[in-house]
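First comes the structure, then the notes that go with it.
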Amino acid sequence: MSTTAIPTNTKWWNGGRSPFNISYGKVMMWYFLMSDAFTFGAFLISYGTIRFSVNHWADPNHVFNAFPFAGHANLPLAFVSLMTFILIFSSVTMVLAVHEGHKMNRKGVEKYMVLTIFGGLAFLGCQAWEWTHMITGDHTVLVDGVLKTMGTTVTNNPWGVAADPNAVAAALQTTPDANLASVVHSLGHGADAHAGAAMGRAEMISTIQAANLQVTTPGPIAFGGYFFGITGFHGFHVFSGVIINLVMLIKTRLGHFDERGHYEMIEKAGLYWHFVDLVWVFVFLCFYLV
Amino acid sequence: MSSHTSPEITHAPEHASGTGRIWKTFWVLSALTIVELALGYFLYWKHGHLSYGFTLSTKLLIAALTLAKAYYIVSIFMHLGDEIRNMIMTIIVPLMLFIWFIAAFLWDGNSWKVLRNTDAGSRADHTEQHQPAVIDKDAKK
């Protein structure tokens, strides 16, 4: 809260002072963030355009329903909620660091910067898990009359419309053994994986039929490019934010800001970090929530 | 209290001594997030049993809550709310472009879908806009 007692006849634009009463560095950080907002905005809006332009798009509640260590449990929105709260919390610790900086309390700044860095690293870890899970996921898809397993990558999108059961039944007969083995493998973990390698063709086919799989057809290729592109671009910002925060922490410990007499650098780093949180709020909205 | 600031600053702001405002904002953001998640989960739970209008309205409500979150983060965490009014305007006014940006491009995307479904307007659109995903001719490539 600032209570600036500025006399009303201050000539802001006559030179010799900042017309906005803040330092040059802070103004520039704000305008950089605005340019970045338009960049992210352009990406997200183009994503919306493509999504609106096709008849069927991946349902986020089916794509993003995994949680670490929960196996195949169906938990839509759970993991991404955790990521959102991690980032919100790290934003709070960042504001608290800035607050301690206003009081010239070096120890306080250090403490909260460490917590903020941990939050950023935790978020990056979560995002890395999410990406790995998407890329290595094994979903059975009907492509060109044959069954295949595929993960979600920039070239593969297994989240298309459901395949016609008759077409699936026909495809089971024409699918090569190697593909059948990977479908069996995708049904379970551990013991089944080894069993898949040892099964004969007839046994693999009956196993797959008994499993009552949800077989899909490939969805729009754009899904992977948008998902990995936008979350990757955001993740890159989180990563660079963590590096910036680390540099701020080191400078704080070395006493640079005490010498300078103010902790405004922490504030500017804080602006960047909050921007990163804000972008996540919108990425979360566009990809996972609506 | 910081004693030295950049020379271009005329009046250094006096900062609140307590963290009450910060934590209060944290709780507001958390509450907004939980409501958003509850609404989103409700849409998932009742998928296929809700009218198109209801789903759309709920999604718009979720979007509005997200905008509220954005307001709190920018105004309080980033302290834009404490700056001089003209400074606030140089940020907010250009961002108003997003209103046109979003409306125009989503409209465009929808028009593109209609054109695809009707072969550039040469036949009627038989694809119901709000049916759940069924097998349609798009599946055959």
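Residue numbers start at 1 in each chain; chains themselves are named A, B, ... in the order of the structure tokens; ligands are numbered from 1 in the order shown.
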Restrict the distance test to only C-alpha atoms, flag each residue of chain A within 7 Å of chain B, and return the flagged residues as a PyMOL selection string.
-> chain A and resi 1-4+6+16-18+20-23+45+48-50+52-54+56+61+92+95+102-104+161-162+217+261-262+271+274+278+289-290
Please identify every residue of segment 190-254 of chain A that has at least one atom no farther than 9 Å from an atom of segment 144-159 of chain A, counting only C-alpha atoms, and for each give the shortest atom pair and the distance in Å to one decimal, arranged by chain then increasing number, as a Markdown table.
| residue | atom | partner | partner_atom | distance |
| --- | --- | --- | --- | --- |
| A:Val215 | CA | A:Leu147 | CA | 8.6 |
| A:Thr216 | CA | A:Trp159 | CA | 6.6 |
| A:Thr217 | CA | A:Pro158 | CA | 6.5 |
| A:Pro218 | CA | A:Pro158 | CA | 4.7 |
| A:Gly219 | CA | A:Trp159 | CA | 5.0 |
| A:Pro220 | CA | A:Asn157 | CA | 6.5 |
| A:Ile221 | CA | A:Asn157 | CA | 5.7 |
| A:Ala222 | CA | A:Val154 | CA | 7.5 |
| A:Phe223 | CA | A:Asn157 | CA | 6.7 |
| A:Gly224 | CA | A:Val154 | CA | 4.2 |
| A:Gly225 | CA | A:Val154 | CA | 4.7 |
| A:Tyr226 | CA | A:Val154 | CA | 8.2 |
| A:Phe227 | CA | A:Val154 | CA | 8.4 |
| A:Phe228 | CA | A:Val154 | CA | 7.3 |
| A:Gly229 | CA | A:Val154 | CA | 8.7 |
Can you spit out the residues from that selection as a short mmCIF file (atom, residue, chain, number, x, y, z; two decimals), in the first residue's frame, using N, CA and C atoms?
data_model
loop_
_atom_site.label_atom_id
_atom_site.label_comp_id
_atom_site.auth_asym_id
_atom_site.auth_seq_id
_atom_site.Cartn_x
_atom_site.Cartn_y
_atom_site.Cartn_z
N VAL A 215 -10.91 -47.92 -28.22
CA VAL A 215 -10.00 -47.63 -29.34
C VAL A 215 -10.47 -46.36 -30.03
N THR A 216 -9.52 -45.49 -30.31
CA THR A 216 -9.86 -44.24 -30.98
C THR A 216 -9.22 -44.19 -32.36
N THR A 217 -9.57 -43.15 -33.09
CA THR A 217 -8.86 -42.84 -34.33
C THR A 217 -7.99 -41.61 -34.05
N PRO A 218 -7.00 -41.35 -34.91
CA PRO A 218 -6.13 -40.20 -34.62
C PRO A 218 -6.90 -38.89 -34.65
N GLY A 219 -6.55 -38.00 -33.75
CA GLY A 219 -7.17 -36.68 -33.71
C GLY A 219 -6.34 -35.66 -34.46
N PRO A 220 -6.77 -34.40 -34.45
CA PRO A 220 -6.02 -33.36 -35.17
C PRO A 220 -4.57 -33.29 -34.70
N ILE A 221 -3.69 -33.26 -35.68
CA ILE A 221 -2.26 -33.24 -35.38
C ILE A 221 -1.86 -32.03 -34.55
N ALA A 222 -2.61 -30.94 -34.70
CA ALA A 222 -2.24 -29.69 -34.05
C ALA A 222 -2.20 -29.79 -32.53
N PHE A 223 -2.92 -30.77 -31.95
CA PHE A 223 -3.02 -30.83 -30.49
C PHE A 223 -1.65 -30.87 -29.82
N GLY A 224 -0.80 -31.80 -30.28
CA GLY A 224 0.51 -31.96 -29.65
C GLY A 224 1.36 -30.71 -29.79
N GLY A 225 1.38 -30.15 -31.00
CA GLY A 225 2.18 -28.96 -31.24
C GLY A 225 1.77 -27.84 -30.31
N TYR A 226 0.47 -27.64 -30.16
CA TYR A 226 -0.01 -26.58 -29.29
C TYR A 226 0.28 -26.87 -27.83
N PHE A 227 -0.03 -28.10 -27.39
CA PHE A 227 0.16 -28.41 -25.98
C PHE A 227 1.63 -28.27 -25.59
N PHE A 228 2.50 -29.00 -26.33
CA PHE A 228 3.92 -28.96 -25.94
C PHE A 228 4.54 -27.61 -26.22
N GLY A 229 4.10 -26.97 -27.31
CA GLY A 229 4.64 -25.65 -27.63
C GLY A 229 4.32 -24.63 -26.57
#
Take atom CA of Leu180 of chain A and atom CA of Met204 of chain A and report the distance between them in Å, one decimal.
-> 6.5 Å
Go through segment 57-158 of chain A and collect every residue that DSSP, computed from the backbone, puts in strand (DSSP E); the answer should be as a PyMOL selection string.
-> chain A and resi 139-143+146-150
Those in chain B with helix (DSSP H, G or I) from DSSP, as a PyMOL selection string = chain B and resi 20-45+52-77+80-82+85-95+97-117+137-139
What does the distance between atom CA of Leu87 of chain A and atom CA of Gly120 of chain A come to in Å, to one decimal place?
->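 Atom-to-atom, atom CA of Leu87 of chain A to atom CA of Gly120 of chain A, that is 7.0 Å.
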What is the distance between atom CA of Phe43 of chain A and atom CA of Phe282 of chain A, in Å to one decimal?
-> 11.3 Å
